[in-house]
Amino acid sequence: MTRGVARPTKVPNGDRSWHPIAKRLWDSLKESGQADFYQASDWALAYSLCEDLSFYKKSGKRSGQMLQTIYGAFERLLVAEGDRRRVRIELHEPESDETSAAVLAIADYKKALGVTERGDA
């Protein structure tokens with residue numbers, strides 16, 4: 001596998017004229033965990049797809065094939081949990097500072113008491 005370097009990206013603003021569903025999807029992409037991995041090209045694709053989705057939602061005549069194509073393209077951006085699981089990406093809730101501090105405190109107490117767990121040397 002050839003590897004590259006992830007580059008900082010600037011998330012473009014969504015289009016205010018988009019259909020409300022496309023706007024909501026765009027905003028949710030910016031807040032979702034998979035966005036941590038998005039590069040400029042991913043954001044450009046997402047923008048284009050939201051544009052297409054907005055056009056689809058606003059059109060009087062809707063095609064099931066067009067909607068399937070749009071949703072299929074969103075799969076490549078790992079928008080849904082099932083898409084992420086398929087490629088073995090799992091998003092975890094961030095640990096709170098309190099939990100981390102408690103775990104560290106317990107480890108310090110165990111160390112001070114000389115208590116080791118199975119497998120610890």
# chains A, B, ... in the order shown; residues from 1 in each chain; ligands from 1
$ residues_around --residues "segment 23-40 of chain A" --least-positions-apart "6" --cutoff "7 Å" --atoms "only C-alpha atoms" --output "number ranges by chain"
A: 7, 9, 14, 50, 91
$ residues_around --residues "Glu75 of chain A" --least-positions-apart "6" --cutoff "12 Å" --atoms "only C-alpha atoms" --output "ChimeraX atom specification"
/A:34,42,45-46,49,68-69,81-87
$ write_last_selection --atoms "N, CA and C atoms" --output "CSV table (one decimal), in the first residue's frame"
chain,number,residue,atom,x,y,z
A,34,GLN,N,-16.6,10.7,10.9
A,34,GLN,CA,-15.8,10.3,9.7
A,34,GLN,C,-15.2,11.6,9.0
A,42,ASP,N,-12.8,14.9,-0.8
A,42,ASP,CA,-14.0,14.3,-0.2
A,42,ASP,C,-15.1,15.4,0.0
A,45,LEU,N,-16.6,16.2,-3.3
A,45,LEU,CA,-17.6,15.2,-3.7
A,45,LEU,C,-18.9,15.4,-2.9
A,46,ALA,N,-18.7,15.6,-1.6
A,46,ALA,CA,-19.9,15.8,-0.7
A,46,ALA,C,-20.7,17.0,-1.2
A,49,LEU,N,-22.6,16.1,-4.3
A,49,LEU,CA,-23.7,15.2,-4.0
A,49,LEU,C,-24.9,16.0,-3.3
A,68,GLN,N,-31.1,6.5,-6.1
A,68,GLN,CA,-30.2,5.3,-5.8
A,68,GLN,C,-28.7,5.7,-6.2
A,69,THR,N,-28.5,6.4,-7.3
A,69,THR,CA,-27.2,6.8,-7.7
A,69,THR,C,-26.6,7.7,-6.7
A,81,GLU,N,-23.5,4.4,9.2
A,81,GLU,CA,-22.7,3.5,10.1
A,81,GLU,C,-22.5,2.2,9.4
A,82,GLY,N,-23.4,1.6,8.6
A,82,GLY,CA,-23.2,0.4,7.9
A,82,GLY,C,-22.1,0.5,6.9
A,83,ASP,N,-22.0,1.6,6.2
A,83,ASP,CA,-20.9,1.8,5.3
A,83,ASP,C,-19.5,1.8,6.0
A,84,ARG,N,-19.5,2.4,7.1
A,84,ARG,CA,-18.2,2.5,7.9
A,84,ARG,C,-17.9,1.1,8.4
A,85,ARG,N,-18.9,0.3,8.9
A,85,ARG,CA,-18.6,-1.0,9.3
A,85,ARG,C,-18.1,-1.9,8.2
A,86,ARG,N,-18.6,-1.8,7.0
A,86,ARG,CA,-18.2,-2.6,5.9
A,86,ARG,C,-16.7,-2.4,5.6
A,87,VAL,N,-16.1,-1.2,5.9
A,87,VAL,CA,-14.7,-1.0,5.7
A,87,VAL,C,-13.9,-1.1,7.0
$ atom_distance --atom1 "atom CA of His19 of chain A" --atom2 "atom CA of Ser63 of chain A"
16.7 Å
$ atom_distance --atom1 "atom CA of Arg3 of chain A" --atom2 "atom CA of Gly72 of chain A"
26.1 Å
$ closest_residue --among "A:Ile106, A:Met1, A:Arg88, A:Met66" --to "Leu53 of chain A" --atoms "only C-alpha atoms"
A:Met66
